[in-house]
Structure formats: structure tokens, C-alpha cells
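In what follows, a structure is listed as C-alpha cells, so that the remarks can point back to it.
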Amino acid sequence: MSKTITVIPGDGIGPDIIDATIKILDKAGCGLDYEFADAGLVALEKHGELLPDTTLAAIERNGVTLKGPLTTPVGGGFTSINVTLRKQFNLYANVRPVVSFKGTKARYENIDIITIRENTEGMYSGLGQTTKADGSEAEAMSRVTRVGCERIVRFAYELARREGRKKVTAVHKANILKTTSGMFLSVAREIAKDYPDIQSEEMIVDATCMKLVMSPENFDVIVTTNLFGDILSDLCAGLVGGLGMAPGANIGADCAIFEAVHGSAPDIAGQNLANPSSVILAAIQMLEHLGQTENAKRILNALRDTIESGDRTTADLGGTHGTTDFTQAILDRL
Ligand SMILES: NC(=O)c1ccc[n+]([C@@H]2O[C@H](COP(=O)([O-])OP(=O)(O)OC[C@H]3O[C@@H](n4cnc5c(N)ncnc54)[C@H](O)[C@@H]3O)[C@@H](O)[C@H]2O)c1
């Protein structure tokens, strides 16, 4: 039976890299149907709003969405569309895998790390943001809940078990942030007891940064709170050659949105220059979420082989070809 997913091409390079990804999903015979929806600048121009109700309805109806990057206009009081989507659908788990491929600007050869970031609480909940009228003081509040900590830590261990991973590292700063990070750490310790088959480790966030840079091969699954996860996952993307190779999944109980981590790259939009790897990797995460593990593996192998052999790769990968040639090289391998 075919599955319908929502597809949001988005802005800038979004339509080109989404189009490339759909060709690959179709060639691999994933049996997906697509309901296209608008969001971002393109939606503002067509429908007068960044995130139309019809798009929200499609995301909810189909449960699974593949999304290109969106441009949030600067000024004009627009809130980030990505933050709105995470809140609206309670997409509490941000799953960001990084793998080093030969033929990229990866700094190491053997990186395979998944960062799982709590996506809805902590410093990014937007609570209590005030600045004194004279501009002398500013405040923001960080709030975490036991339920929020429990579901993200359990999510990390369940993913580790399902994917045959060996270790979960809970990253915190409980020595200083005794209430919020302290609660996260104590919950992580409790939940670790339910998973004796997986090695549990705890690490302070600053030490984690240093160790990730010096010996990333020692990391497997990282689970952490919102702000630390945001920063660590970009550090990990840097280890494998930058955001062009970094996908992300935002997962909730009823909905999941899979996306490239990079932005809409307006400087190269419409020039057939974009590297579609990040969205292709997001689509691979989506196939795993849908239980299509074999198709996910086949597409990953074709992508890896194309990049490693340098066959028709894009400029950011050191090649001289465009999005369409690079996509064709992957299609040829499928
Ligand atoms: N997930 C999202 O929707 C998302 C994430 C980040 C930024 N944005 C938005 O994107 C817009 C542009 O942001 P930015 O310029 O800061 O970041 P960006 O990620 O769009 O671009 C940064 C640099 O990386 C290059 N680049 C990015 N993706 C590439 C790809 N696939 N292939 C080759 N080169 C690539 C760009 O050409 C640019 O030089 C902004 O409006 C921002 O709000 C959206």
C-alpha cells in the first residue's frame, strides 16, 4: 500500500534539492505519493502568510513531511517557521545524525554520531524574556519538565537499541545549572537502568565539546537538552564537513518532519549549484522512520559511492558539476 507524505519544497535552493530527492525516492521504488504544500517566503507571496492553515492540515493529515529550507523574513515581527512547527506539532525530539564520507571536507574518517536534542523546552521555551527599560539588565527563563526529560532520554535509548548502537552519552551542566540540568541528569540516570544492554555515560557539556573535537570516534548516541543540543549538533556537522552533509528529523508522537539542516542559500538559488545531499540524507532518515530500511540503505550506498568516487559532484564537494548531474550520478547507481 502506498503512503502519502507531505512535501514542502520551501525557498531558495529548496525546490531544486527536493526535486532531486523525489527523483531518487521514486527510482528506488519507495512507493510514496506526495501532497505538495507551501511554506516560507513562497507561501507569503502566494497566500499572504508564511505558514498557511492548508499546510498545517497537510502535515497533520499525512503524519510524515519532507521539508526544504524556509526563509524567515528578517524584521516585520515574523517568528521562525521552524520553531512554530516544532511547537504546533510537539516535535520534541530533534535527531541529527552525522557520518563522515570520504571525498568531503570531513575532518575524520570514522565518525558516526547521532545527537538527540530536546526540541521544545529549556532555554528555547521563550519564557520570561525581559529587558529593563533602561537597557541595563536582561532576563530569560529556562524551564524543563520531568516528563520532557523522560521522553527524550527514553527516545534516545529506544533509538540506540533499535539501531544496534552501543552507547548513550547524556550531556549536561548539572554542576552549575543544578535545577534544570540537574533534573535532566537525574532522569537520565534513572532511565539508564532500564537499558542494561546499552553502555551509559554522562558528560559535562564543555568537556564534551573538547572530546568531540579530539576523539569523535568515542561517541555514538548523544542525548541532551535544547540549547546544548543545538550547539553540539552543529559542532558534529562541522566534523563531517559542514551543514551540506547534515540532515535533521523533528519527531513527535503523531507527526515527524524531515529536513536539511542548512538554509535556503539565496546566494546560489536557481543556479543548479546546490548539493542535495542533506535533504537526501533526511529522506533516508524518513525511510527508516517508515520502516523502509532496505530502501534507506540502497539510497545511502548510492549517495556514498557517488561522493567517494567524485563522480559528477557539486562544487562544495570539490567537483565541477551541478545539482542535476550529481543527482543523475546517484540515479545511475540505483
Ligand atoms: N531549516 C531551515 O529552514 C533553515 C535553516 C537555516 C537557515 N534558514 C534560512 O535560510 C536563509 C539563508 O540563511 P544563511 O545564508 O544564513 O544559511 P545557508 O545555510 O542558507 O547558507 C550558508 C552558506 O552555505 C551554502 N549552502 C547552504 N546549503 C548548501 C547546499 N545544499 N549546497 C551548496 N551550498 C550550500 C550557501 O550557498 C551559503 O554560502 C535565511 O533566511 C535563514 O533564515 C532556514
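If you're wondering about the labels, chains in the C-alpha cells are A, B, ... by order shown, residues count from 1 in each chain, ligands from 1 in order shown.
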All strand (DSSP E) residues (DSSP, backbone) inside stretch 107-140 of chain A, as a count of residues only
20
Extract, using only C-alpha atoms, all DNA, RNA and protein residues at most 7 Å from A:Gly10, discarding same-chain residues fewer than 5 positions from it, and format them as a PDB file with C-alpha atoms, in the first residue's frame.
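Ended up saving to selection-v5.pdb:
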ATOM      1  CA  PRO A  15      12.647  23.288  -4.815  1.00  0.00           C
ATOM      2  CA  ASP A  38       3.706  25.823   0.607  1.00  0.00           C
ATOM      3  CA  ALA A  39       5.564  27.412   3.499  1.00  0.00           C
ATOM      4  CA  GLY A  40       8.068  30.238   3.844  1.00  0.00           C
ATOM      5  CA  VAL A  42       6.833  31.396  -1.358  1.00  0.00           C
ATOM      6  CA  LYS A  67      10.728  19.813   4.059  1.00  0.00           C
ATOM      7  CA  GLY A  68      13.125  22.043   2.133  1.00  0.00           C
ATOM      8  CA  PRO A  69      14.726  25.059   3.821  1.00  0.00           C
ATOM      9  CA  LEU A  70      12.481  28.043   4.511  1.00  0.00           C
TER      10      LEU A  70
END
Got a sec: who's within 6 Å of A:Tyr34, counting only C-alpha atoms, leaving out chain neighbours fewer than 4 positions off, as a PDB file with N, CA and C atoms, in the first residue's frame?
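Okay, this is what ended up in result-v7.pdb:
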ATOM      1  N   THR A   4       1.181   8.342   1.573  1.00  0.00           N
ATOM      2  CA  THR A   4       1.271   9.731   1.139  1.00  0.00           C
ATOM      3  C   THR A   4       2.043  10.534   2.168  1.00  0.00           C
ATOM      4  N   ILE A   5       3.034  11.293   1.701  1.00  0.00           N
ATOM      5  CA  ILE A   5       3.755  12.194   2.602  1.00  0.00           C
ATOM      6  C   ILE A   5       3.529  13.636   2.129  1.00  0.00           C
ATOM      7  N   THR A   6       3.660  14.568   3.065  1.00  0.00           N
ATOM      8  CA  THR A   6       3.587  15.983   2.697  1.00  0.00           C
ATOM      9  C   THR A   6       4.983  16.420   2.272  1.00  0.00           C
TER      10      THR A   6
END
Which residues are near ligand 1 in this structure, taking near to mean any atom at most 6 Å from a ligand atom and counting only C-alpha atoms and all ligand atoms? Format them as a PDB file with N, CA and C atoms, in the first residue's frame.
ATOM      1  N   PRO A  69      14.472  23.917   2.935  1.00  0.00           N
ATOM      2  CA  PRO A  69      14.726  25.059   3.821  1.00  0.00           C
ATOM      3  C   PRO A  69      13.745  26.205   3.559  1.00  0.00           C
ATOM      4  N   LEU A  70      13.427  26.930   4.613  1.00  0.00           N
ATOM      5  CA  LEU A  70      12.481  28.043   4.511  1.00  0.00           C
ATOM      6  C   LEU A  70      13.170  29.336   4.897  1.00  0.00           C
ATOM      7  N   THR A  71      12.816  30.406   4.214  1.00  0.00           N
ATOM      8  CA  THR A  71      13.357  31.717   4.561  1.00  0.00           C
ATOM      9  C   THR A  71      12.364  32.410   5.495  1.00  0.00           C
ATOM     10  N   THR A  72      12.830  32.765   6.701  1.00  0.00           N
ATOM     11  CA  THR A  72      12.001  33.602   7.575  1.00  0.00           C
ATOM     12  C   THR A  72      12.446  35.038   7.326  1.00  0.00           C
ATOM     13  N   GLY A 244      26.188  21.014   4.723  1.00  0.00           N
ATOM     14  CA  GLY A 244      25.754  20.399   3.455  1.00  0.00           C
ATOM     15  C   GLY A 244      25.561  18.893   3.564  1.00  0.00           C
ATOM     16  N   VAL A 261      19.517  20.573   7.280  1.00  0.00           N
ATOM     17  CA  VAL A 261      19.807  21.474   8.391  1.00  0.00           C
ATOM     18  C   VAL A 261      20.206  22.863   7.878  1.00  0.00           C
ATOM     19  N   HIS A 262      20.758  22.922   6.652  1.00  0.00           N
ATOM     20  CA  HIS A 262      21.180  24.226   6.134  1.00  0.00           C
ATOM     21  C   HIS A 262      19.976  25.079   5.734  1.00  0.00           C
ATOM     22  N   GLY A 263      20.259  26.343   5.369  1.00  0.00           N
ATOM     23  CA  GLY A 263      19.197  27.260   4.994  1.00  0.00           C
ATOM     24  C   GLY A 263      18.922  27.255   3.496  1.00  0.00           C
ATOM     25  N   SER A 264      18.222  28.307   3.029  1.00  0.00           N
ATOM     26  CA  SER A 264      17.730  28.340   1.649  1.00  0.00           C
ATOM     27  C   SER A 264      18.793  28.823   0.657  1.00  0.00           C
ATOM     28  N   ALA A 265      19.987  29.144   1.151  1.00  0.00           N
ATOM     29  CA  ALA A 265      21.143  29.516   0.302  1.00  0.00           C
ATOM     30  C   ALA A 265      20.761  30.458  -0.837  1.00  0.00           C
ATOM     31  N   ASP A 267      22.167  32.870  -2.100  1.00  0.00           N
ATOM     32  CA  ASP A 267      23.294  33.253  -2.983  1.00  0.00           C
ATOM     33  C   ASP A 267      23.487  32.312  -4.159  1.00  0.00           C
ATOM     34  N   ILE A 268      23.002  31.057  -4.056  1.00  0.00           N
ATOM     35  CA  ILE A 268      23.187  30.124  -5.187  1.00  0.00           C
ATOM     36  C   ILE A 268      21.846  29.605  -5.725  1.00  0.00           C
ATOM     37  N   ALA A 274      23.342  23.757  -6.062  1.00  0.00           N
ATOM     38  CA  ALA A 274      23.165  23.229  -4.700  1.00  0.00           C
ATOM     39  C   ALA A 274      23.478  21.740  -4.600  1.00  0.00           C
ATOM     40  N   ASN A 275      24.097  21.382  -3.498  1.00  0.00           N
ATOM     41  CA  ASN A 275      24.337  19.974  -3.177  1.00  0.00           C
ATOM     42  C   ASN A 275      23.076  19.433  -2.471  1.00  0.00           C
ATOM     43  N   PRO A 276      22.407  18.438  -3.051  1.00  0.00           N
ATOM     44  CA  PRO A 276      21.160  17.959  -2.440  1.00  0.00           C
ATOM     45  C   PRO A 276      21.360  16.924  -1.329  1.00  0.00           C
ATOM     46  N   ASP A 316      30.787  22.377  -3.751  1.00  0.00           N
ATOM     47  CA  ASP A 316      31.108  22.332  -2.321  1.00  0.00           C
ATOM     48  C   ASP A 316      31.783  21.010  -1.949  1.00  0.00           C
TER      49      ASP A 316
END
Non-local contacts of stretch 45-51 of chain A (12 Å; only C-alpha atoms; under 6 positions in same chain excluded) as number ranges by chain:
A: 8, 10-11, 37-39, 57-59, 70-73, 77-85, 88
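By chain and then residue number, the residues within 8 Å of A:Phe219 are Asp112, Ile113, Lys167, Thr169, Leu212, Pro216 and Ile222 of chain A, counting only C-alpha atoms and disregarding those fewer than 3 positions away in sequence.
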Using only C-alpha atoms, which residue out of A:Asp19, A:Glu118, A:Glu288, A:Asp53 lies closest to A:Ser233?
A:Glu118
For stretch 245-253 of chain A, list every protein, DNA or RNA residue within 8 Å, evaluated using only C-alpha atoms, and leave out those in the same chain fewer than 5 positions away; present the list as a PyMOL selection string.
chain A and resi 86+89-98+119+237+240+258-262+277-279+281-282+285-286
Interatomic distance, atom CA of A:Leu243 to atom CA of A:Lys3 (Å, one decimal)
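About the pair atom CA of A:Leu243 and atom CA of A:Lys3: they are 29.1 Å apart.
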Pick out the residues sitting within 9 Å of stretch 299-302 of chain A, and hand them over as a ChimeraX atom specification; count only C-alpha atoms, and ignore anything fewer than 6 positions along from it in its own chain.
/A:24-25,28,280-281,284,329-334
Go ahead and compute the interatomic distance for atom CA of A:Met203 and atom CA of A:Val171, in Å to one decimal.
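Computed distance, atom CA of A:Met203 to atom CA of A:Val171, equals 5.0 Å.
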Compare A:Ile204, A:Ile116, A:Val187, A:Met210 by their minimum atom-to-atom distance to A:Asp230, counting only C-alpha atoms, and give me the closest one.
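Ranking A:Ile204, A:Ile116, A:Val187, A:Met210 by distance to A:Asp230, first place goes to A:Ile116.
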How many Å separate atom CA of A:Gly14 from atom CA of A:Leu303?
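Atom CA of A:Leu303 lies at a distance of 18.7 Å from atom CA of A:Gly14.
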Could you give me, as a Markdown table, every stretch 135-165 of chain A residue with an atom at most 9 Å from stretch 188-192 of chain A, plus its closest atom pair and distance in Å to one decimal, counting only C-alpha atoms, rows ordered by chain then number?
| residue | atom | partner | partner_atom | distance |
| --- | --- | --- | --- | --- |
| A:Cys149 | CA | A:Ala188 | CA | 7.6 |
| A:Glu150 | CA | A:Ala188 | CA | 7.4 |
| A:Val153 | CA | A:Ala188 | CA | 6.1 |
| A:Arg154 | CA | A:Ile191 | CA | 6.7 |
| A:Tyr157 | CA | A:Ala192 | CA | 7.9 |
Going by DSSP on the backbone, which bits of stretch 33-248 of chain A are alpha helix (DSSP H)? Write them as a PyMOL selection string, please.
chain A and resi 41-47+53-62+81-88+146-162+180-192+205-214+226-239
Closest to A:Ser142 among A:Asn62, A:Asn175, A:Thr225, A:Thr313, using only C-alpha atoms?
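Looking at the shortest contact to A:Ser142, the residue is A:Thr225.
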Between A:Thr180, A:Thr131, A:Thr120, A:Ser215, which residue has the minimum interatomic distance to A:Arg146, considering only C-alpha atoms?
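Closest to A:Arg146, using only C-alpha atoms: A:Thr180.
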Quick one: of A:Met123, A:Val74, A:Ala207, A:Ala43, who's nearest to A:Thr55, counting only C-alpha atoms?
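Among the listed residues, A:Ala43 lies closest to A:Thr55.
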Which of these residues is nearest to A:Arg165, using only C-alpha atoms: A:Asp254, A:Asp220, A:Glu35, A:Asp16?
A:Asp220
